[in-house]
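Have a look at input-v2.txt; it's compact mmCIF, C-alpha atoms (C1' of nucleotides):
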# COMPACT_ATOMS: atom_id res chain seq x y z
CA MET A 234 -100.44 44.43 -8.77
CA LYS A 235 -100.66 41.64 -11.30
CA GLU A 236 -100.46 38.17 -9.83
CA TYR A 237 -97.55 36.39 -11.39
CA GLN A 238 -97.05 32.68 -10.86
CA ILE A 239 -93.33 33.35 -11.03
CA PHE A 240 -93.36 35.24 -7.72
CA LYS A 241 -94.74 32.26 -5.90
CA ASN A 242 -92.00 30.22 -7.51
CA ILE A 243 -89.25 32.60 -6.48
CA GLN A 244 -90.59 33.07 -2.97
CA LYS A 245 -90.26 29.37 -2.34
CA HIS A 246 -86.55 30.04 -1.89
CA ILE A 247 -85.89 33.77 -1.45
CA SER A 248 -87.93 36.81 -0.38
CA LEU A 249 -87.98 40.12 -2.20
CA SER A 250 -88.50 43.60 -0.78
CA ASN A 251 -90.96 45.89 -2.53
CA THR A 252 -88.25 47.73 -4.43
CA GLU A 253 -86.62 44.46 -5.46
CA ARG A 254 -89.95 43.16 -6.61
CA GLU A 255 -90.57 46.30 -8.63
CA PHE A 256 -87.20 46.03 -10.29
CA PHE A 257 -87.84 42.41 -11.05
CA ILE A 258 -91.24 43.16 -12.60
CA SER A 259 -89.68 45.86 -14.73
CA ILE A 260 -87.46 43.34 -16.52
CA LEU A 261 -90.06 40.64 -17.06
CA ILE A 262 -91.02 39.83 -20.62
CA GLU A 263 -94.22 37.87 -21.12
CA LYS A 264 -94.85 35.81 -24.23
CA ASP A 265 -98.11 34.15 -25.16
CA ILE A 266 -97.53 31.21 -27.45
CA ALA A 267 -100.02 29.19 -29.50
CA LYS A 268 -100.25 25.41 -29.41
CA LYS A 269 -97.53 23.41 -31.20
CA GLU A 270 -95.25 26.38 -31.68
CA ILE A 271 -91.49 25.85 -31.62
CA VAL A 272 -89.82 28.16 -29.09
CA LEU A 273 -86.33 26.75 -29.61
CA GLU A 274 -85.01 24.91 -32.62
CA GLN A 275 -82.38 22.18 -32.26
CA GLY A 276 -79.11 23.42 -33.80
CA SER A 277 -79.68 27.10 -33.05
CA VAL A 278 -78.26 28.72 -29.93
CA SER A 279 -80.62 28.91 -26.97
CA SER A 280 -80.58 32.53 -25.84
CA LYS A 281 -83.59 32.39 -23.53
CA LEU A 282 -84.57 30.80 -20.27
CA TYR A 283 -88.32 30.35 -19.89
CA PHE A 284 -90.63 30.16 -16.92
CA VAL A 285 -94.07 28.63 -17.54
CA GLU A 286 -96.86 30.89 -16.18
CA PHE A 287 -99.40 28.47 -17.61
CA GLY A 288 -99.53 25.85 -20.34
CA SER A 289 -97.02 23.11 -21.10
CA LEU A 290 -93.97 22.40 -23.22
CA ARG A 291 -91.80 19.55 -24.38
CA ALA A 292 -88.03 19.50 -25.02
CA PHE A 293 -86.78 16.80 -27.36
CA ASN A 294 -83.81 15.71 -29.40
CA VAL A 295 -83.96 14.26 -32.89
CA ASN A 296 -80.98 12.08 -33.81
CA GLU A 297 -79.42 11.34 -37.21
CA GLU A 298 -81.85 8.49 -37.86
CA GLY A 299 -84.78 10.80 -37.12
CA ARG A 300 -85.59 9.21 -33.81
CA GLU A 301 -87.06 11.54 -31.18
CA SER A 302 -86.08 11.51 -27.50
CA THR A 303 -88.12 13.59 -25.08
CA ILE A 304 -85.73 15.00 -22.50
CA MET A 305 -87.98 17.27 -20.52
CA LEU A 306 -91.63 18.09 -20.01
CA ALA A 307 -92.61 21.38 -18.39
CA VAL A 308 -95.96 22.49 -16.98
CA GLN A 309 -97.06 25.54 -14.98
CA ASP A 310 -94.43 26.68 -12.49
CA TRP A 311 -91.48 25.01 -14.22
CA TRP A 312 -88.41 26.49 -15.86
CA ILE A 313 -87.24 25.29 -19.25
CA THR A 314 -84.51 25.81 -21.82
CA ASP A 315 -81.65 23.88 -23.40
CA MET A 316 -79.34 24.74 -20.52
CA TYR A 317 -76.31 23.26 -22.28
CA SER A 318 -76.76 25.66 -25.16
CA PHE A 319 -77.85 28.59 -22.99
CA VAL A 320 -74.74 28.39 -20.81
CA ASN A 321 -72.15 27.41 -23.40
CA LYS A 322 -73.59 29.25 -26.41
CA LYS A 323 -73.27 26.08 -28.45
CA PRO A 324 -75.93 24.78 -30.88
CA ALA A 325 -78.88 23.40 -28.96
CA LEU A 326 -79.27 19.64 -28.71
CA LEU A 327 -82.97 20.13 -28.04
CA SER A 328 -86.01 21.62 -29.69
CA ILE A 329 -88.71 22.99 -27.43
CA GLU A 330 -92.36 23.18 -28.43
CA THR A 331 -95.60 24.13 -26.71
CA LEU A 332 -98.09 21.33 -26.15
CA GLU A 333 -100.94 23.82 -25.71
CA VAL A 334 -101.55 27.57 -25.52
CA SER A 335 -98.97 28.81 -22.99
CA ARG A 336 -97.77 31.96 -21.31
CA LEU A 337 -94.03 32.14 -20.78
CA ILE A 338 -91.77 34.58 -19.01
CA GLU A 339 -88.55 35.04 -20.88
CA PHE A 340 -85.07 35.75 -19.52
CA ASP A 341 -82.17 36.23 -21.85
CA PHE A 342 -78.62 35.43 -20.84
CA ILE A 343 -77.42 39.04 -20.57
CA MET A 344 -80.43 40.05 -18.52
CA LEU A 345 -79.92 37.16 -16.17
CA GLU A 346 -76.30 38.18 -15.61
CA LYS A 347 -77.51 41.69 -14.81
CA LEU A 348 -80.04 40.28 -12.42
CA TYR A 349 -77.30 38.35 -10.57
CA LYS A 350 -75.29 41.57 -10.26
CA ARG A 351 -78.13 43.78 -9.18
CA LEU A 352 -79.85 41.29 -6.89
CA PRO A 353 -77.26 38.73 -5.75
CA LYS A 354 -79.92 36.80 -3.86
CA PHE A 355 -80.88 35.41 -7.26
CA GLU A 356 -77.59 33.54 -7.19
CA ARG A 357 -79.04 31.73 -4.20
CA PHE A 358 -82.36 31.21 -5.90
CA PHE A 359 -80.82 29.64 -8.97
CA ARG A 360 -78.32 27.72 -6.85
CA ILE A 361 -81.26 25.99 -5.20
CA LEU A 362 -83.10 25.62 -8.51
CA PHE A 363 -80.13 23.95 -10.21
CA GLN A 364 -79.43 21.86 -7.13
CA ASN A 365 -82.94 20.43 -7.36
CA ALA A 366 -82.70 20.04 -11.12
CA TYR A 367 -79.44 18.12 -10.71
CA ILE A 368 -80.99 15.82 -8.12
CA ARG A 369 -83.99 15.20 -10.36
CA GLU A 370 -81.86 14.33 -13.39
CA GLN A 371 -79.64 12.05 -11.34
CA LEU A 372 -82.72 10.19 -10.10
CA ARG A 373 -83.85 9.86 -13.70
CA VAL A 374 -80.49 8.35 -14.65
CA LEU A 375 -80.90 5.84 -11.84
CA ASP A 376 -84.42 5.10 -13.05
CA ASN A 377 -83.23 4.59 -16.61
CA ILE A 378 -80.45 2.18 -15.82
CA SER A 379 -81.97 0.23 -12.97
CA PHE A 380 -85.68 -0.28 -13.71
CA THR A 381 -87.55 -2.18 -16.41
CA THR A 382 -89.64 -0.30 -18.95
CA GLU A 383 -92.81 -1.44 -17.20
CA GLN A 384 -91.59 -0.08 -13.86
CA ARG A 385 -90.44 3.17 -15.42
CA TYR A 386 -93.78 3.67 -17.11
CA THR A 387 -95.79 3.21 -13.92
CA ARG A 388 -93.34 5.38 -11.98
CA PHE A 389 -93.69 8.09 -14.61
CA ILE A 390 -97.50 8.20 -14.50
CA ASP A 391 -97.45 8.14 -10.69
CA LYS A 392 -94.88 10.93 -10.50
CA TYR A 393 -96.25 13.27 -13.16
CA PRO A 394 -100.05 12.74 -13.31
CA GLN A 395 -100.61 16.36 -14.39
CA ILE A 396 -98.20 15.91 -17.30
CA VAL A 397 -99.65 12.59 -18.41
CA LYS A 398 -102.93 14.32 -19.30
CA LYS A 399 -101.17 16.62 -21.75
CA VAL A 400 -98.88 14.35 -23.72
CA THR A 401 -99.42 11.54 -26.21
CA GLN A 402 -98.44 7.92 -25.70
CA LYS A 403 -95.80 8.40 -28.34
CA GLN A 404 -94.23 11.24 -26.39
CA ILE A 405 -94.20 9.20 -23.19
CA ALA A 406 -92.50 6.40 -25.12
CA SER A 407 -89.85 8.82 -26.36
CA TYR A 408 -89.38 10.07 -22.77
CA LEU A 409 -88.82 6.51 -21.59
CA GLY A 410 -86.57 5.72 -24.53
CA VAL A 411 -88.69 2.97 -26.10
CA THR A 412 -90.78 2.72 -29.26
CA PRO A 413 -94.50 3.59 -29.15
CA GLU A 414 -95.32 0.03 -30.27
CA PHE A 415 -93.47 -1.44 -27.34
CA LEU A 416 -95.05 0.96 -24.87
CA SER A 417 -98.43 -0.06 -26.24
CA SER A 418 -97.68 -3.71 -25.51
CA VAL A 419 -96.43 -2.83 -22.01
CA LYS A 420 -99.71 -1.02 -21.30
CA LYS A 421 -101.67 -4.01 -22.54
CA LYS A 422 -99.78 -6.31 -20.25
CA LEU A 423 -100.45 -3.99 -17.29
CA SER A 424 -104.23 -4.02 -17.81
CA MET B 165 -49.40 28.29 2.35
CA LYS B 166 -50.46 24.75 1.55
CA GLU B 167 -51.46 24.19 -2.05
CA TYR B 168 -55.00 22.91 -2.08
CA GLN B 169 -56.51 21.56 -5.28
CA ILE B 170 -59.83 22.91 -4.05
CA PHE B 171 -58.70 26.52 -4.46
CA LYS B 172 -58.02 26.01 -8.13
CA ASN B 173 -61.46 24.50 -8.37
CA ILE B 174 -63.14 27.41 -6.64
CA GLN B 175 -61.19 30.04 -8.50
CA LYS B 176 -62.52 28.73 -11.77
CA HIS B 177 -65.72 30.57 -10.90
CA ILE B 178 -65.13 33.06 -8.07
CA SER B 179 -62.12 34.88 -6.62
CA LEU B 180 -61.35 35.11 -2.93
CA SER B 181 -59.59 37.89 -1.06
CA ASN B 182 -56.84 36.93 1.39
CA THR B 183 -59.14 37.21 4.38
CA GLU B 184 -61.83 35.19 2.64
CA ARG B 185 -59.30 32.58 1.75
CA GLU B 186 -58.08 32.40 5.33
CA PHE B 187 -61.59 31.97 6.61
CA PHE B 188 -62.22 29.27 4.06
CA ILE B 189 -59.05 27.40 5.03
CA SER B 190 -60.04 27.58 8.66
CA ILE B 191 -63.18 25.53 8.05
CA LEU B 192 -61.64 22.87 5.78
CA ILE B 193 -61.56 19.33 7.05
CA GLU B 194 -59.25 16.92 5.28
CA LYS B 195 -59.77 13.17 5.35
CA ASP B 196 -57.38 10.58 4.05
CA ILE B 197 -59.19 7.40 3.12
CA ALA B 198 -57.79 3.97 2.31
CA LYS B 199 -58.71 1.98 -0.79
CA LYS B 200 -62.15 0.36 -0.92
CA GLU B 201 -63.49 2.23 2.10
CA ILE B 202 -67.17 3.14 2.23
CA VAL B 203 -67.61 6.88 2.89
CA LEU B 204 -71.41 6.81 2.60
CA GLU B 205 -73.70 3.85 3.10
CA GLN B 206 -76.94 3.54 1.14
CA GLY B 207 -79.88 3.95 3.53
CA SER B 208 -78.10 6.28 5.96
CA VAL B 209 -78.42 10.05 5.67
CA SER B 210 -75.67 11.78 3.73
CA SER B 211 -74.42 14.60 5.96
CA LYS B 212 -71.26 15.45 4.03
CA LEU B 213 -70.31 16.91 0.70
CA TYR B 214 -66.86 15.82 -0.48
CA PHE B 215 -64.28 17.40 -2.73
CA VAL B 216 -61.62 15.05 -4.14
CA GLU B 217 -58.10 16.43 -3.56
CA PHE B 218 -56.69 13.25 -5.07
CA GLY B 219 -57.79 9.68 -5.60
CA SER B 220 -61.10 8.41 -6.97
CA LEU B 221 -64.53 7.29 -5.81
CA ARG B 222 -67.63 5.57 -7.06
CA ALA B 223 -71.27 6.20 -6.12
CA PHE B 224 -73.65 3.31 -6.72
CA ASN B 225 -77.12 2.03 -5.92
CA VAL B 226 -77.99 -1.56 -5.08
CA ASN B 227 -81.60 -2.49 -5.84
CA GLU B 228 -83.85 -5.13 -4.19
CA GLU B 229 -82.55 -7.86 -6.51
CA GLY B 230 -78.98 -6.98 -5.55
CA ARG B 231 -78.16 -5.41 -8.87
CA GLU B 232 -75.63 -2.55 -8.75
CA SER B 233 -75.95 0.67 -10.76
CA THR B 234 -73.01 3.05 -10.81
CA ILE B 235 -74.40 6.57 -10.80
CA MET B 236 -71.28 8.64 -10.50
CA LEU B 237 -67.52 8.35 -10.72
CA ALA B 238 -65.33 11.05 -9.20
CA VAL B 239 -61.62 11.73 -9.66
CA GLN B 240 -59.35 14.57 -8.56
CA ASP B 241 -61.06 17.97 -8.69
CA TRP B 242 -64.62 16.59 -8.55
CA TRP B 243 -67.32 17.01 -5.93
CA ILE B 244 -69.31 14.04 -4.73
CA THR B 245 -72.13 13.09 -2.37
CA ASP B 246 -75.65 11.71 -2.53
CA MET B 247 -77.11 15.17 -3.16
CA TYR B 248 -80.68 13.92 -2.83
CA SER B 249 -79.99 12.73 0.70
CA PHE B 250 -77.72 15.65 1.60
CA VAL B 251 -80.34 18.25 0.67
CA ASN B 252 -83.51 16.45 1.80
CA LYS B 253 -82.08 14.57 4.79
CA LYS B 254 -83.66 11.39 3.49
CA PRO B 255 -81.96 7.97 3.44
CA ALA B 256 -79.31 7.88 0.75
CA LEU B 257 -80.04 5.99 -2.47
CA LEU B 258 -76.32 5.65 -3.03
CA SER B 259 -73.29 4.17 -1.39
CA ILE B 260 -69.96 5.86 -2.04
CA GLU B 261 -66.64 4.02 -1.89
CA THR B 262 -63.03 4.91 -2.65
CA LEU B 263 -61.45 3.13 -5.61
CA GLU B 264 -57.95 3.90 -4.32
CA VAL B 265 -56.21 5.83 -1.54
CA SER B 266 -57.83 9.26 -1.60
CA ARG B 267 -57.75 12.62 0.12
CA LEU B 268 -61.11 14.28 0.55
CA ILE B 269 -62.20 17.67 1.83
CA GLU B 270 -65.38 17.39 3.79
CA PHE B 271 -68.21 19.92 4.13
CA ASP B 272 -71.16 19.22 6.32
CA PHE B 273 -74.57 20.70 5.65
CA ILE B 274 -74.55 23.15 8.56
CA MET B 275 -71.08 24.38 7.72
CA LEU B 276 -72.07 24.92 4.11
CA GLU B 277 -75.07 27.00 5.18
CA LYS B 278 -72.74 29.10 7.35
CA LEU B 279 -70.40 29.50 4.42
CA TYR B 280 -73.26 30.79 2.25
CA LYS B 281 -74.13 33.34 4.96
CA ARG B 282 -70.61 34.47 5.65
CA LEU B 283 -69.38 34.49 2.04
CA PRO B 284 -72.41 34.85 -0.24
CA LYS B 285 -70.21 34.55 -3.31
CA PHE B 286 -70.27 30.83 -2.58
CA GLU B 287 -73.92 30.90 -3.59
CA ARG B 288 -72.64 31.91 -6.99
CA PHE B 289 -69.95 29.27 -6.96
CA PHE B 290 -72.37 26.47 -6.20
CA ARG B 291 -74.96 27.94 -8.55
CA ILE B 292 -72.47 27.44 -11.36
CA LEU B 293 -71.38 24.06 -10.03
CA PHE B 294 -74.95 22.73 -9.90
CA GLN B 295 -75.76 24.32 -13.24
CA ASN B 296 -72.94 22.33 -14.82
CA ALA B 297 -73.90 19.20 -12.90
CA TYR B 298 -77.46 19.54 -14.14
CA ILE B 299 -76.30 19.93 -17.74
CA ARG B 300 -74.04 16.90 -17.42
CA GLU B 301 -76.79 14.68 -16.01
CA GLN B 302 -79.24 15.79 -18.66
CA LEU B 303 -76.73 14.91 -21.36
CA ARG B 304 -76.35 11.53 -19.72
CA VAL B 305 -80.11 11.00 -19.83
CA LEU B 306 -80.04 11.82 -23.54
CA ASP B 307 -77.15 9.40 -23.99
CA ASN B 308 -79.00 6.66 -22.15
CA ILE B 309 -82.22 6.88 -24.10
CA SER B 310 -80.93 7.71 -27.56
CA PHE B 311 -77.72 5.72 -28.12
CA THR B 312 -76.98 2.02 -28.36
CA THR B 313 -74.84 0.30 -25.73
CA GLU B 314 -71.94 0.14 -28.16
CA GLN B 315 -72.13 3.89 -28.81
CA ARG B 316 -72.47 4.67 -25.12
CA TYR B 317 -69.46 2.55 -24.27
CA THR B 318 -67.19 4.26 -26.82
CA ARG B 319 -68.52 7.69 -25.80
CA PHE B 320 -67.78 6.85 -22.18
CA ILE B 321 -64.17 5.85 -22.77
CA ASP B 322 -63.62 8.88 -25.02
CA LYS B 323 -65.15 11.26 -22.50
CA TYR B 324 -63.57 9.93 -19.31
CA PRO B 325 -60.19 8.37 -20.24
CA GLN B 326 -58.73 9.20 -16.81
CA ILE B 327 -61.61 7.39 -15.10
CA VAL B 328 -61.43 4.33 -17.34
CA LYS B 329 -57.98 3.51 -15.96
CA LYS B 330 -59.32 3.29 -12.43
CA VAL B 331 -62.47 1.23 -12.73
CA THR B 332 -63.23 -2.38 -13.62
CA GLN B 333 -65.18 -3.55 -16.64
CA LYS B 334 -67.92 -4.59 -14.30
CA GLN B 335 -68.22 -1.07 -12.91
CA ILE B 336 -68.36 0.44 -16.39
CA ALA B 337 -71.12 -2.02 -17.25
CA SER B 338 -73.07 -0.95 -14.17
CA TYR B 339 -72.54 2.70 -15.17
CA LEU B 340 -73.96 1.99 -18.62
CA GLY B 341 -76.79 -0.09 -17.18
CA VAL B 342 -75.88 -3.41 -18.80
CA THR B 343 -74.53 -6.71 -17.51
CA PRO B 344 -70.76 -7.31 -17.46
CA GLU B 345 -71.28 -10.30 -19.75
CA PHE B 346 -72.99 -8.16 -22.35
CA LEU B 347 -70.36 -5.41 -22.15
CA SER B 348 -67.73 -8.08 -22.69
CA SER B 349 -69.43 -9.17 -25.91
CA VAL B 350 -69.76 -5.54 -27.05
CA LYS B 351 -66.01 -5.03 -26.56
CA LYS B 352 -65.28 -8.18 -28.52
CA LYS B 353 -67.40 -6.95 -31.40
CA LEU B 354 -65.56 -3.60 -31.37
CA SER B 355 -62.14 -5.18 -31.72
C1' DC C 97 -117.10 14.08 -43.66
C1' DG C 98 -112.46 13.26 -44.86
C1' DT C 99 -107.64 13.52 -43.65
C1' DC C 100 -103.90 13.02 -40.76
C1' DT C 101 -101.77 11.16 -36.92
C1' DA C 102 -101.78 8.14 -32.91
C1' DT C 103 -102.45 3.66 -31.24
C1' DT C 104 -102.85 -1.25 -31.55
C1' DT C 105 -101.70 -5.79 -33.29
C1' DG C 106 -98.74 -9.35 -34.98
C1' DA C 107 -94.73 -11.64 -37.20
C1' DA C 108 -89.89 -11.68 -37.82
C1' DT C 109 -85.50 -10.07 -36.19
C1' DG C 110 -82.07 -8.25 -33.23
C1' DT C 111 -80.53 -6.80 -28.64
C1' DA C 112 -79.63 -7.90 -23.95
C1' DC C 113 -80.13 -11.02 -19.95
C1' DT C 114 -79.59 -15.40 -17.23
C1' DC C 115 -77.09 -19.18 -16.02
C1' DA C 116 -73.16 -22.02 -16.03
C1' DA C 117 -68.50 -22.87 -16.77
C1' DA C 118 -63.78 -21.76 -18.09
C1' DA C 119 -59.97 -18.65 -18.30
C1' DG C 120 -57.39 -14.69 -16.61
C1' DC C 121 -55.54 -11.71 -13.08
C1' DG C 122 -54.16 -9.60 -8.70
C1' DG C 123 -53.28 -9.93 -4.08
C1' DT C 124 -51.88 -12.57 -0.04
C1' DG C 125 -49.65 -15.86 2.80
C1' DG C 126 -46.52 -19.45 3.27
C1' DC D 247 -41.01 -16.29 -5.12
C1' DC D 248 -44.53 -19.25 -5.92
C1' DA D 249 -49.10 -21.27 -5.12
C1' DC D 250 -53.49 -20.52 -4.02
C1' DC D 251 -57.71 -17.93 -3.49
C1' DG D 252 -61.19 -14.83 -4.84
C1' DC D 253 -62.86 -11.89 -8.10
C1' DT D 254 -63.17 -10.30 -12.89
C1' DT D 255 -63.64 -11.30 -17.56
C1' DT D 256 -64.78 -14.25 -21.33
C1' DT D 257 -67.54 -17.64 -23.77
C1' DG D 258 -71.67 -19.97 -25.13
C1' DA D 259 -76.44 -21.72 -25.04
C1' DG D 260 -81.06 -20.69 -24.14
C1' DT D 261 -84.55 -17.19 -23.07
C1' DA D 262 -86.73 -12.74 -22.56
C1' DC D 263 -87.01 -8.03 -23.87
C1' DA D 264 -87.45 -4.59 -27.41
C1' DT D 265 -87.28 -3.15 -32.34
C1' DT D 266 -88.68 -3.07 -37.16
C1' DC D 267 -91.99 -3.29 -40.54
C1' DA D 268 -96.58 -3.62 -42.18
C1' DA D 269 -101.33 -3.27 -41.71
C1' DA D 270 -105.66 -2.38 -39.26
C1' DT D 271 -108.21 0.50 -36.06
C1' DA D 272 -109.22 4.48 -33.48
C1' DG D 273 -109.16 9.50 -32.50
C1' DA D 274 -108.49 14.38 -33.28
C1' DC D 275 -109.24 18.22 -35.94
C1' DG D 276 -110.38 21.25 -39.64

Output the file's structure in the form of structure tokens.
Amino acid sequence: MKEYQIFKNIQKHISLSNTEREFFISILIEKDIAKKEIVLEQGSVSSKLYFVEFGSLRAFNVNEEGRESTIMLAVQDWWITDMYSFVNKKPALLSIETLEVSRLIEFDFIMLEKLYKRLPKFERFFRILFQNAYIREQLRVLDNISFTTEQRYTRFIDKYPQIVKKVTQKQIASYLGVTPEFLSSVKKKLS
Amino acid sequence: MKEYQIFKNIQKHISLSNTEREFFISILIEKDIAKKEIVLEQGSVSSKLYFVEFGSLRAFNVNEEGRESTIMLAVQDWWITDMYSFVNKKPALLSIETLEVSRLIEFDFIMLEKLYKRLPKFERFFRILFQNAYIREQLRVLDNISFTTEQRYTRFIDKYPQIVKKVTQKQIASYLGVTPEFLSSVKKKLS
DNA sequence: CGTCTATTTGAATGTACTCAAAAGCGGTGG
DNA sequence: CCACCGCTTTTGAGTACATTCAAATAGACG
């Protein structure tokens, strides 16, 4: 049997019998994506949830003035989509692009609902997944409002060393919510 | 039968049979709390998840310099705890206090795990709850890094008019991550 | 090698903070 | 019911943080 990263991910929280595993495999859709491809465009409705088998992606918002804000970075073993759009079927606030050649596993909304029905233990799995995602985002809010840019930069590179290798300075700046020029001066001060 | 706000909340996402409802009632613990009481102290482990039957609460972090950051505000029909601490059993990053006389329904971690076992549809309920919480926090991150203080202030009062009535200017400032003095000058400019 | 983008540097400007003091407001006790 | 106390809010001056704009340098990639 093919070794999917996604099984390791799922088995962190639930265990599947052989028949469950077979069913699950039968619905999986793999997509190989080239570098710098857009997998979701801001303004369109996000109909897919992605799991990253390998590679990396970035989710970002572009505001009216053209300023980019990076909201999420995903590497191997992470899940990514514009959840707001996916759940509410409203235009996505985020675009998502690959940072390198990536293999994704794709779940569409309908299929996910079927999965919940057929294998209710996936309710538990995603309950735990969203619980952790909520905690992570809340910690990021705390970071944003209570630390200086310098602190947030060093915390970011300590927390996500594997991501730092794959993104540009400019993208880190847009994740922190500052200009690339200012981040450059912060780095200079640190060294 | 007593009319609990929490049933309306739960029935937004799942429906309970009479026997399920009876079981659920049997495990509910109500707490009436006076104004300005601390229900969770930063540094201690959060062992309870609270639902707000009525009243209002504020969750905030105090950093080494003594600066307060308001992370969450909860009114009737909201859930609140330090989820990071509750899930990981680590010292809480947040204190939680009542803003007025409030009635809470209390769930401890063990009881919640029992509830998941006995009534697995609660996995679904909390899956949806955390999904929405995650979306909300991610939108707040986007707000924080992509809007000016003035924009964030007006968005806040538009989005949470019922909360605005119950909190001080100082607390709104600490929610937005600015000083009360600066928020005061922003308000002046707006009028 | 040449082109395009990212990064750095610096000057000028605007945003937000600190500190201090005054004014406003709500609750409490006499 | 009023006077006082403590906390919140406002105001202003001075400073620090962060942006904008422009230009130079460095890197990545075909």

### Task
Return the neighbours of chain B among the residues of chain C, cut-off 10 Å, counting all atoms listed in the file, as a list in words.
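Filtering chain C at 10 Å from chain B with all atoms listed in the file gives DT111, DA112 and DC113 of chain C.
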
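CA of Val285 (chain A) is found 16.6 Å from CA of Leu345 (chain A).
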
### Query
What residues in chain B have any atom no more than 7 Å from chain A when counting all atoms listed in the file, and can you write them as a PyMOL selection string?
chain B and resi 233+235+247-248+287-288+290-291+294-295+297-299+301-302+305-306+309-310+341

### Exercise: residues within 12 Å of coordinate (-58.0, -19.9, -20.1), counting all atoms listed in the file, as a VMD selection string
(chain C and resid 117 to 121) or (chain D and resid 255 to 257)

### Message
At a cut-off of 9 Å, which residues of chain B touch chain D? Count all atoms listed in the file and give the answer as JSON, numbers by chain.
### Response
{"B": [332, 333, 334, 344, 345, 348, 349]}

Would you mind exporting the chosen residues as an mmCIF file, keeping the file's coordinate frame, restricted to C-alpha atoms?
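Writing the result to result_19.cif gives the following:
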data_model
loop_
_atom_site.group_PDB
_atom_site.id
_atom_site.type_symbol
_atom_site.label_atom_id
_atom_site.label_comp_id
_atom_site.auth_asym_id
_atom_site.auth_seq_id
_atom_site.Cartn_x
_atom_site.Cartn_y
_atom_site.Cartn_z
ATOM 1 C CA THR B 332 -63.230 -2.380 -13.620
ATOM 2 C CA GLN B 333 -65.180 -3.550 -16.640
ATOM 3 C CA LYS B 334 -67.920 -4.590 -14.300
ATOM 4 C CA PRO B 344 -70.760 -7.310 -17.460
ATOM 5 C CA GLU B 345 -71.280 -10.300 -19.750
ATOM 6 C CA SER B 348 -67.730 -8.080 -22.690
ATOM 7 C CA SER B 349 -69.430 -9.170 -25.910
#

### d(CA of Ile327 (chain B), CA of Phe171 (chain B)) in Å
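Answer for the CA of Ile327 (chain B) to CA of Phe171 (chain B) separation: 22.1 Å.
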
### Task
Record the distance separating CA of Leu192 (chain B) and CA of Phe271 (chain B), expressed in Å with one decimal.
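Distance reported for this atom pair: 7.4 Å.
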
### Message
So, with only C-alpha atoms as the atoms that count, which of A:Asn321, A:Ser289, A:Ser335, A:Ser328 lies closest to Lys398 (chain A)?
### Response
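Going through A:Asn321, A:Ser289, A:Ser335, A:Ser328 one by one, the smallest distance to Lys398 (chain A) is for A:Ser289.
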
### Message
When you count only C-alpha atoms, which of these residues is closest to Thr318 (chain B): B:Leu263, B:Ile202, B:Leu354, B:Val331?
### Response
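Answer, going by the shortest atom-to-atom distance: B:Leu354.
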